[in-house]
Amino acid sequence: MNDFSLHFFVIKHKSKSTIMGSVKFVADHMLGKLAKYLRFMGYDVFYPDGKMSDEDIISIAKKEGRIILTRDKELAKISGGVYIEGDDFRVQLRQVVKQFNLDMSNALTRCSICNAVLEEVKDKSIVKGRVPDYVYSTHSEFYICPKCGRIYWWGTHTEKIENTLRNVLEMENGGKHEN
Ligand SMILES: [Zn+2]
């Protein structure tokens, strides 16, 4: 069952048409959790496996039209990127959401691990044996990451993520944090 624990989330609505035109980001290595939550919101975020040089980050941003999100004031300054102020990912997320007017319309449509847009599984039998039996028998909609092959479905984990996102988006400056 452990193998499946990462896979516990899924899509609700699929307005994928807007994904392509959305703002894209590259996050520095200090911002893993922020990157993950922006992906949960459906936004395209490049996040390096290891530490990348500032030059590499700048070059990816230029090449792919991405906005740099960084905890490094100097890098933000020389690249025209965004200096992320808080340590807490919720504060960071709130900053980015406000600055770029992000919304939840494509929430949970992207693989949080590798950033690819999820695809709906047309034939349910494909996921048989790849998800826990009780999930297979109680769910009819599944989604797959075309890059890493992870299977996703709507479940308690997804609800948690959605709640966290909603809390962050509704949070007043200096307001209370949940979790
Ligand atoms: Zn993936």
# chains A, B, ... in the order shown; residues from 1 in each chain; ligands from 1
call {"tool": "residues_around", "arguments": {"residues": "segment 54-64 of chain A", "least_positions_apart": "4", "cutoff": "8 Å", "atoms": "only C-alpha atoms", "output": "list in words"}}
result
Phe25, Val26, Asp28, Ile68, Leu75 and Ser79 of chain A
call {"tool": "closest_atom_pairs", "arguments": {"of": "chain A", "to": "ligand 1", "cutoff": "7 Å", "atoms": "only C-alpha atoms and all ligand atoms", "output": "JSON lines"}}
result
{"residue": "A:Cys111", "atom": "CA", "partner": "ligand 1", "partner_atom_place_in_ligand_line": "1 (Zn)", "distance": 4.6}
{"residue": "A:Ser112", "atom": "CA", "partner": "ligand 1", "partner_atom_place_in_ligand_line": "1 (Zn)", "distance": 6.8}
{"residue": "A:Ile113", "atom": "CA", "partner": "ligand 1", "partner_atom_place_in_ligand_line": "1 (Zn)", "distance": 5.3}
{"residue": "A:Cys114", "atom": "CA", "partner": "ligand 1", "partner_atom_place_in_ligand_line": "1 (Zn)", "distance": 4.3}
{"residue": "A:Asn115", "atom": "CA", "partner": "ligand 1", "partner_atom_place_in_ligand_line": "1 (Zn)", "distance": 6.3}
{"residue": "A:Ala116", "atom": "CA", "partner": "ligand 1", "partner_atom_place_in_ligand_line": "1 (Zn)", "distance": 5.8}
{"residue": "A:Cys145", "atom": "CA", "partner": "ligand 1", "partner_atom_place_in_ligand_line": "1 (Zn)", "distance": 4.6}
{"residue": "A:Pro146", "atom": "CA", "partner": "ligand 1", "partner_atom_place_in_ligand_line": "1 (Zn)", "distance": 6.7}
{"residue": "A:Lys147", "atom": "CA", "partner": "ligand 1", "partner_atom_place_in_ligand_line": "1 (Zn)", "distance": 5.1}
{"residue": "A:Cys148", "atom": "CA", "partner": "ligand 1", "partner_atom_place_in_ligand_line": "1 (Zn)", "distance": 4.1}
{"residue": "A:Gly149", "atom": "CA", "partner": "ligand 1", "partner_atom_place_in_ligand_line": "1 (Zn)", "distance": 6.1}
{"residue": "A:Arg150", "atom": "CA", "partner": "ligand 1", "partner_atom_place_in_ligand_line": "1 (Zn)", "distance": 5.8}
call {"tool": "select_by_dssp", "arguments": {"residues": "segment 143-176 of chain A", "states": "strand (DSSP E or B)", "output": "list in words"}}
result
Tyr143, Ile144, Ile151 and Tyr152 of chain A
call {"tool": "closest_residue", "arguments": {"among": "A:Ala27, A:Val127, A:Leu102, A:Leu108", "to": "Ile84 of chain A", "atoms": "only C-alpha atoms"}}
result
A:Ala27
call {"tool": "atom_distance", "arguments": {"atom1": "atom CA of His29 of chain A", "atom2": "atom CA of Gly50 of chain A"}}
result
7.0 Å
call {"tool": "atom_distance", "arguments": {"atom1": "atom CA of Leu38 of chain A", "atom2": "atom CA of Ser22 of chain A"}}
result
12.0 Å
call {"tool": "closest_residue", "arguments": {"among": "A:Val121, A:Ile67, A:Met52, A:Leu169", "to": "Gly80 of chain A", "atoms": "only C-alpha atoms"}}
result
A:Ile67
call {"tool": "select_by_dssp", "arguments": {"residues": "segment 39-162 of chain A", "states": "alpha helix (DSSP H)", "output": "PyMOL selection string"}}
result
chain A and resi 39-40+54-64+73-79+89-100+133-138+156-162
call {"tool": "write_last_selection", "arguments": {"atoms": "C-alpha atoms", "output": "CSV table (one decimal), in the first residue's frame"}}
result
chain,number,residue,atom,x,y,z
A,39,ARG,CA,1.6,22.7,-9.3
A,40,PHE,CA,-1.3,21.5,-7.2
A,54,ASP,CA,21.9,31.2,-11.0
A,55,GLU,CA,23.0,31.3,-14.7
A,56,ASP,CA,21.1,28.1,-15.4
A,57,ILE,CA,18.0,29.4,-13.7
A,58,ILE,CA,18.2,32.6,-15.7
A,59,SER,CA,18.7,30.7,-18.9
A,60,ILE,CA,15.8,28.4,-18.4
A,61,ALA,CA,13.6,31.4,-17.5
A,62,LYS,CA,14.6,33.2,-20.7
A,63,LYS,CA,14.3,30.1,-23.0
A,64,GLU,CA,10.9,29.0,-21.7
A,73,LYS,CA,17.6,38.9,-3.3
A,74,GLU,CA,20.5,39.3,-5.6
A,75,LEU,CA,19.3,36.8,-8.2
A,76,ALA,CA,15.8,38.4,-8.1
A,77,LYS,CA,17.5,41.7,-8.8
A,78,ILE,CA,19.7,40.8,-11.6
A,79,SER,CA,17.1,38.6,-13.3
A,89,PHE,CA,5.1,28.0,2.0
A,90,ARG,CA,1.7,29.4,2.8
A,91,VAL,CA,3.0,32.9,3.0
A,92,GLN,CA,5.0,32.4,-0.1
A,93,LEU,CA,2.1,31.0,-2.0
A,94,ARG,CA,-0.1,33.9,-0.9
A,95,GLN,CA,2.5,36.3,-2.2
A,96,VAL,CA,2.7,34.7,-5.6
A,97,VAL,CA,-1.1,34.2,-5.9
A,98,LYS,CA,-1.6,37.9,-5.1
A,99,GLN,CA,1.1,39.2,-7.4
A,100,PHE,CA,0.1,37.2,-10.4
A,133,ASP,CA,-8.2,-2.9,-4.9
A,134,TYR,CA,-10.7,-0.9,-2.8
A,135,VAL,CA,-9.8,2.2,-4.8
A,136,TYR,CA,-10.3,0.4,-8.0
A,137,SER,CA,-13.7,-0.9,-7.0
A,138,THR,CA,-15.0,2.4,-5.5
A,156,THR,CA,-9.1,12.2,1.1
A,157,HIS,CA,-5.6,13.4,0.3
A,158,THR,CA,-6.9,15.5,-2.6
A,159,GLU,CA,-9.4,17.0,-0.3
A,160,LYS,CA,-6.7,18.0,2.2
A,161,ILE,CA,-4.7,19.7,-0.5
A,162,GLU,CA,-7.7,21.5,-1.8
call {"tool": "residues_around", "arguments": {"residues": "Lys24 of chain A", "least_positions_apart": "6", "cutoff": "8 Å", "atoms": "only C-alpha atoms", "output": "count of residues only"}}
result
6
call {"tool": "decode", "arguments": {"residues": "segment 87-109 of chain A", "atoms": "C-alpha atoms", "output": "PDB file, in the first residue's frame"}}
result
ATOM      1  CA  ASP A  87       9.865  31.107   5.011  1.00  0.00           C
ATOM      2  CA  ASP A  88       6.456  29.475   5.306  1.00  0.00           C
ATOM      3  CA  PHE A  89       5.137  28.041   2.045  1.00  0.00           C
ATOM      4  CA  ARG A  90       1.656  29.393   2.771  1.00  0.00           C
ATOM      5  CA  VAL A  91       2.981  32.927   3.041  1.00  0.00           C
ATOM      6  CA  GLN A  92       5.039  32.374  -0.101  1.00  0.00           C
ATOM      7  CA  LEU A  93       2.085  30.987  -1.993  1.00  0.00           C
ATOM      8  CA  ARG A  94      -0.088  33.867  -0.891  1.00  0.00           C
ATOM      9  CA  GLN A  95       2.516  36.311  -2.207  1.00  0.00           C
ATOM     10  CA  VAL A  96       2.680  34.663  -5.636  1.00  0.00           C
ATOM     11  CA  VAL A  97      -1.082  34.225  -5.883  1.00  0.00           C
ATOM     12  CA  LYS A  98      -1.633  37.905  -5.130  1.00  0.00           C
ATOM     13  CA  GLN A  99       1.120  39.192  -7.365  1.00  0.00           C
ATOM     14  CA  PHE A 100       0.065  37.169 -10.407  1.00  0.00           C
ATOM     15  CA  ASN A 101      -3.638  36.915  -9.725  1.00  0.00           C
ATOM     16  CA  LEU A 102      -3.562  33.119  -9.729  1.00  0.00           C
ATOM     17  CA  ASP A 103      -6.703  31.072  -9.253  1.00  0.00           C
ATOM     18  CA  MET A 104      -7.891  27.546  -8.600  1.00  0.00           C
ATOM     19  CA  SER A 105      -9.604  26.924 -11.927  1.00  0.00           C
ATOM     20  CA  ASN A 106      -7.064  24.290 -12.945  1.00  0.00           C
ATOM     21  CA  ALA A 107      -6.359  22.927  -9.484  1.00  0.00           C
ATOM     22  CA  LEU A 108      -5.237  19.309  -9.344  1.00  0.00           C
ATOM     23  CA  THR A 109      -4.723  18.840 -13.074  1.00  0.00           C
TER      24      THR A 109
END
